[in-house]
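Undergrad: Can you keep this structure in mind? I'll have questions shortly.
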Amino acid sequence: MVDSQMVLNGQTIAYTFYAIAIILLMIWFGLRVTKTGKDSRVKPALFYSFVGFLVVLGVSLHIITYNTIPWASMDLNRADIKPDKVFNISVENHKFYLPSEKLIINTNDKVLFDVTSKDLTYGFGLFRNDNSMLFQMQVVPGHRNDVMWKFDKPGIYTIRSTEYSGPKGAYMILKDVVEVLDNKK
Amino acid sequence: MNFKDTFLNGEQGLFKPAGLTPIQKLVLRFVVVGLIYYGFAVIEGMIMRIYQIEPISAIPDYQYFAILTAHPLVGIFGSTYSIVFGAFLFLVPFLMKKPLWSYKLGNWTFLLIAIGTFTFWFAGFLSHYAPLYTLYWPLPADFAQFSPLGGTFFVLGIALVMLGTVFFVINIFKTITYTPEGWEKQPVGALLGSALGLSGLKNLFRKKENRKEHLVSLPVAAIARGTVDTALNASIILFTGVLILIYLIGHLLGFDLKSTAIDALLYKNWFWWGLDLIADGLVLIFVAGTWYLLATLITGKNLFMQNIARAALLVELVVSWTVWSHHLLSDQAQPGILKVLSGEMVTAFELITQGLAFFITLATLWSARPLKMSNELKFLLGGLLGFGLAVPAGIMQADIGLNRILHNTQWVVGPHVHVAILVGLTMTLYSAIYILFPIVTNGAKLYSQKLANLHFWAHLIGGIGMGAFMGMAGLKGMLRRSIYFNGEFNIYMVLAGLCGALLLIAFLSFFINIVMSVGLKGVIGIFTPSKIDSKELLPAETK
């Protein structure tokens, strides 16, 4: 499965290019709008082309991500996918309760994290050692909160609450409790 | 004039508060209070920026989160609502060439928003009430972490603001539809239909020669449609506030109500539906309407593609009612169909509606080349750029795949929220203030163009820079609404802090410029009663 870091890198590049382009466009516009020009009328054809471009862009963005980000389709269809491993985790009084001290996973396993809150709304996220996020979900009391993930390479991850649940929420960190082992070894 | 004289009497002594009409004074009061609350939000923002670099030992975590709770509410209700409501209570009668329906009600709106904001801010400051604006159930009823007494006063303050908002809504629609004394009977239904876009919609299905003229101008139509969302939002927040109050008061009286009586996911849906009426409805519609107004005022020309612009505003209104699910893309119990349809597809429509407003405004400006790079024009371009950056950032996170790795990170609150509000919305409002300043002050002169230039550049660079560095930290995994104790994202936070300092400099330069323009006596004079009839919008000699 494509690593979420790769998706983030792609997004960073795409948005950076876009941001530079729109800033340059506005600078150009600001300079030109103060000067006399030959024809100041904007043709309706340009307007309708722009509208068409926005429609195509708006619709295609989600189609592209659905087909290129592997966890998107897995997320929507997770009820029909049999996981290789299930971890039932509960949260109460600003503490995560894991089924074992460490969650051991093999690479390429499809793992379902099923998290239940017994009091407040929390978040559940896995983070790499450099603090970057692998994935996250909300943990809402009274509902099933499950996320499926396929780990394609070995690593050690930290669990952290990703939703504000009062000042104590910032301390809901379980360092290095998820360990992904290389299946080939 | 020397500095002292200018400080006391304003630039060249041109500002004469005694000559202002009650409505002009009301608008200026709204603006002054709005700017003071903006100052609150900027200072709170700077405290938090420093805290993100290195947690300040003098500020415990619960106080930090109390600041984080008050910050957006003071910014949105205390500042933005004040400035927007003040401007629109003047602009609707100004554009419709009729008196405001009720000056008294306008004054009540001003008082309730000013007092309500101070009440919830002060309650949060004293009691450290900090459930954040999201108020996720059953968090507000978590009395182990939050003071029920502080919460009661906090909610009371919010309720006062909402009551003021309801009065604003009534005043706007009554002003559009009522018949002033001595006028011919006004067609209430037709005016309302035009304001809400129904007549424009019918026109789309009529032959060209049978199309009816619009009874209200496009900016008034935009204000009316944004006001619909304002009304819906006020009712949602009032209802939610009452719900929370029941729990708070119940606890104070000694009996705890069962928090599970309210479904947490249903509550989140309800709350986000209401909140998005501000974020995706009111802001985008009001902003588009203000862009159109500013573009026509700056150029003196008709708006490019007016009919499409009207239709787009109506589409945006409907879109704003159906986009809330993009806030719940990481809620696994949320039905998939809602995630895809509301969260992704309808939300993507905002790219189209806001893109149209962006294009139409630029095309209108372009049609009047060459334009002078006035303060109102440069701030309008800044506002356009802000939304040009922030809307696509929002569309990206409103995607099932990307949301899994972006939700609740600094990306959401940086390139999207802060760039939209600080650069997009605030610079648009500054443009409106610069263009309305001579009108509502009867020709007062700006004290310093250099300060206005500093205001522009410091705000633009500070706002975009802060959003960008927050976004970079978000892409590296930094969460919002959390604390990092070991300098994990220090490089980005130091740079974001420097940009935040630029925003503070921008605000101070603007504040000083305005105070020096009208003078201290002028500022005080704004708050004294006017002797002119409240039905008069402008003094007779300036008409």
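Each chain in the structure tokens gets a letter, A, B and so on, in the order shown; residues start at 1 in every chain, and ligands are counted from 1 in the order they appear.
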Looking only at the backbone, which of the residues in segment 42-183 of chain A does DSSP tag as helix (DSSP H, G or I), as number ranges by chain?
TA: A: 44-68, 70-76, 78-80, 167-171
Undergrad: Please save N, CA and C atoms of the selected residues as a compact mmCIF listing (two decimals), in the first residue's frame.
TA:
```txt
# COMPACT_ATOMS: atom_id res chain seq x y z
N PRO A 44 -17.12 36.25 -22.48
CA PRO A 44 -17.90 35.22 -21.77
C PRO A 44 -17.32 33.82 -21.98
N ALA A 45 -16.74 33.57 -23.15
CA ALA A 45 -16.19 32.22 -23.42
C ALA A 45 -15.12 31.86 -22.39
N LEU A 46 -14.33 32.86 -21.99
CA LEU A 46 -13.29 32.61 -20.99
C LEU A 46 -13.93 32.25 -19.65
N PHE A 47 -15.00 32.97 -19.34
CA PHE A 47 -15.71 32.73 -18.09
C PHE A 47 -16.27 31.30 -18.06
N TYR A 48 -16.96 30.91 -19.15
CA TYR A 48 -17.57 29.58 -19.18
C TYR A 48 -16.50 28.48 -19.19
N SER A 49 -15.38 28.77 -19.83
CA SER A 49 -14.28 27.79 -19.81
C SER A 49 -13.77 27.61 -18.38
N PHE A 50 -13.67 28.72 -17.65
CA PHE A 50 -13.21 28.67 -16.26
C PHE A 50 -14.19 27.85 -15.41
N VAL A 51 -15.49 28.10 -15.63
CA VAL A 51 -16.51 27.34 -14.89
C VAL A 51 -16.35 25.85 -15.18
N GLY A 52 -16.19 25.53 -16.45
CA GLY A 52 -16.01 24.13 -16.85
C GLY A 52 -14.79 23.51 -16.19
N PHE A 53 -13.71 24.28 -16.14
CA PHE A 53 -12.48 23.80 -15.52
C PHE A 53 -12.71 23.50 -14.03
N LEU A 54 -13.44 24.41 -13.35
CA LEU A 54 -13.70 24.20 -11.92
C LEU A 54 -14.54 22.95 -11.69
N VAL A 55 -15.54 22.75 -12.56
CA VAL A 55 -16.41 21.56 -12.42
C VAL A 55 -15.56 20.29 -12.59
N VAL A 56 -14.75 20.27 -13.63
CA VAL A 56 -13.91 19.09 -13.89
C VAL A 56 -12.96 18.86 -12.71
N LEU A 57 -12.36 19.95 -12.23
CA LEU A 57 -11.40 19.84 -11.13
C LEU A 57 -12.07 19.32 -9.86
N GLY A 58 -13.23 19.92 -9.52
CA GLY A 58 -13.96 19.54 -8.29
C GLY A 58 -14.34 18.08 -8.29
N VAL A 59 -14.83 17.61 -9.42
CA VAL A 59 -15.30 16.21 -9.50
C VAL A 59 -14.11 15.25 -9.59
N SER A 60 -13.12 15.62 -10.41
CA SER A 60 -12.03 14.67 -10.65
C SER A 60 -11.12 14.48 -9.45
N LEU A 61 -11.03 15.50 -8.59
CA LEU A 61 -10.14 15.39 -7.42
C LEU A 61 -10.48 14.15 -6.60
N HIS A 62 -11.77 13.98 -6.31
CA HIS A 62 -12.16 12.84 -5.47
C HIS A 62 -12.06 11.51 -6.22
N ILE A 63 -12.32 11.56 -7.51
CA ILE A 63 -12.20 10.32 -8.30
C ILE A 63 -10.73 9.88 -8.34
N ILE A 64 -9.85 10.85 -8.53
CA ILE A 64 -8.41 10.53 -8.58
C ILE A 64 -7.94 9.99 -7.23
N THR A 65 -8.31 10.69 -6.15
CA THR A 65 -7.83 10.23 -4.83
C THR A 65 -8.42 8.86 -4.49
N TYR A 66 -9.69 8.63 -4.87
CA TYR A 66 -10.31 7.35 -4.57
C TYR A 66 -9.55 6.21 -5.26
N ASN A 67 -9.07 6.51 -6.44
CA ASN A 67 -8.38 5.47 -7.21
C ASN A 67 -6.88 5.39 -6.96
N THR A 68 -6.33 6.38 -6.30
CA THR A 68 -4.87 6.37 -6.08
C THR A 68 -4.48 6.24 -4.61
N PRO A 70 -4.92 4.19 -1.55
CA PRO A 70 -5.51 2.86 -1.32
C PRO A 70 -6.44 2.78 -0.12
N TRP A 71 -6.18 3.54 0.92
CA TRP A 71 -7.02 3.39 2.11
C TRP A 71 -8.39 4.03 1.91
N ALA A 72 -8.59 4.85 0.87
CA ALA A 72 -9.89 5.49 0.67
C ALA A 72 -10.96 4.45 0.36
N SER A 73 -10.68 3.58 -0.60
CA SER A 73 -11.68 2.56 -0.94
C SER A 73 -11.78 1.52 0.16
N MET A 74 -10.65 1.21 0.79
CA MET A 74 -10.65 0.22 1.87
C MET A 74 -11.49 0.73 3.05
N ASP A 75 -11.45 2.04 3.25
CA ASP A 75 -12.19 2.65 4.35
C ASP A 75 -13.70 2.53 4.11
N LEU A 76 -14.11 2.86 2.91
CA LEU A 76 -15.55 2.83 2.61
C LEU A 76 -16.09 1.39 2.56
N ARG A 78 -14.74 -1.29 4.27
CA ARG A 78 -14.09 -2.11 5.31
C ARG A 78 -15.01 -3.17 5.91
N ALA A 79 -16.33 -2.93 5.87
CA ALA A 79 -17.25 -3.92 6.44
C ALA A 79 -17.21 -5.23 5.66
N ASP A 80 -16.81 -5.15 4.37
CA ASP A 80 -16.79 -6.35 3.53
C ASP A 80 -15.40 -6.98 3.43
N PRO A 167 -8.14 19.63 28.65
CA PRO A 167 -6.69 19.76 28.78
C PRO A 167 -5.95 18.44 28.94
N LYS A 168 -6.61 17.45 29.54
CA LYS A 168 -5.93 16.17 29.76
C LYS A 168 -5.66 15.42 28.45
N GLY A 169 -6.39 15.79 27.42
CA GLY A 169 -6.27 15.10 26.13
C GLY A 169 -4.88 15.18 25.52
N ALA A 170 -4.17 16.30 25.79
CA ALA A 170 -2.84 16.49 25.21
C ALA A 170 -1.82 15.48 25.74
N TYR A 171 -2.16 14.82 26.83
CA TYR A 171 -1.22 13.87 27.45
C TYR A 171 -1.56 12.42 27.10
```
Undergrad: Define the interface residues of chain A facing chain B as those within 6 Å, counting only C-alpha atoms, and report them as a ChimeraX atom specification.
TA: /A:33-36,40-41,54,58,72,120,131-133,135-138,145,164,167,170
Undergrad: Counting only C-alpha atoms, which residue out of B:Gly467, B:Ala444, B:Glu209, B:Glu376 sits closest to Thr296 of chain B?
TA: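 Under the stated criterion, the closest residue is B:Glu376.
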Undergrad: Among segment 10-151 of chain A, which ones does DSSP assign to strand (DSSP E) (computed from the backbone)? Answer as a ChimeraX atom specification.
TA: /A:85-92,95-97,103-106,110-117,122-127,133-139,145-150
Undergrad: How far is it from atom CA of Leu460 of chain B to atom CA of Gly383 of chain B, in Å with one decimal?
TA: 9.0 Å
Undergrad: Using only C-alpha atoms, which protein or nucleic acid residues come within 7 Å of segment 214-229 of chain B? Drop anything in the same chain fewer than 2 positions from it, and give the result as a VMD selection string.
TA: chain B and resid 92 169 191 194 to 196 212 231 to 233 277 to 278 281 to 282 285 to 286 289 to 290 292 to 293 310 313 317
Undergrad: Near segment 83-89 of chain A, within 6 Å and counting only C-alpha atoms, which residues show up once chain neighbours fewer than 3 positions away are dropped, as a list in words?
TA: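 The neighbour list is Tyr97, Leu98, Asp109, Lys110, Val111, Leu112, Phe113, Asp114 and Val115 of chain A.
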Undergrad: How many Å lie between atom CA of Ser342 of chain B and atom CA of His71 of chain B, rounded to one decimal?
TA: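 It comes out at 28.5 Å.
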Undergrad: Determine, counting only C-alpha atoms, which protein, DNA and RNA residues have an atom within 10 Å of an atom of Trp272 of chain B; residues of the same chain fewer than 3 positions away are not included. Present the result as a list in words.
TA: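 Counting only the stated atoms, we get Thr134, Ile236, Leu266, Tyr267, Lys268, Asn269, Leu275, Asp276, Leu277, Ile278, Ala279, Val323, Trp324, Ser325, His326, His327 and Leu328 of chain B.
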Undergrad: Can you work out which one of B:Tyr492, B:Phe469, B:Phe90, B:Phe387 has the shortest atom-to-atom distance to Leu436 of chain B, counting only C-alpha atoms?
TA: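 The closest residue to Leu436 of chain B is B:Phe90.
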Undergrad: Here is a test: counting only C-alpha atoms, which residue of A:Leu134, A:Ile20, A:Lys43, A:Ile105 is nearest to Val7 of chain A?
TA: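 Closest residue, counting only C-alpha atoms: A:Leu134.
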Undergrad: Env of segment 149-162 of chain A: 6 Å cut, atoms = only C-alpha atoms, seq-sep filter 5 positions within chain, self excluded. Answer as a PyMOL selection string.
TA: chain A and resi 1+107-111+123-128+172-182
Undergrad: So how far away is atom CA of Ile113 of chain B from atom CA of Ile249 of chain B, in Å?
TA: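 Interatomic distance, atom CA of Ile249 of chain B to atom CA of Ile113 of chain B: 23.4 Å.
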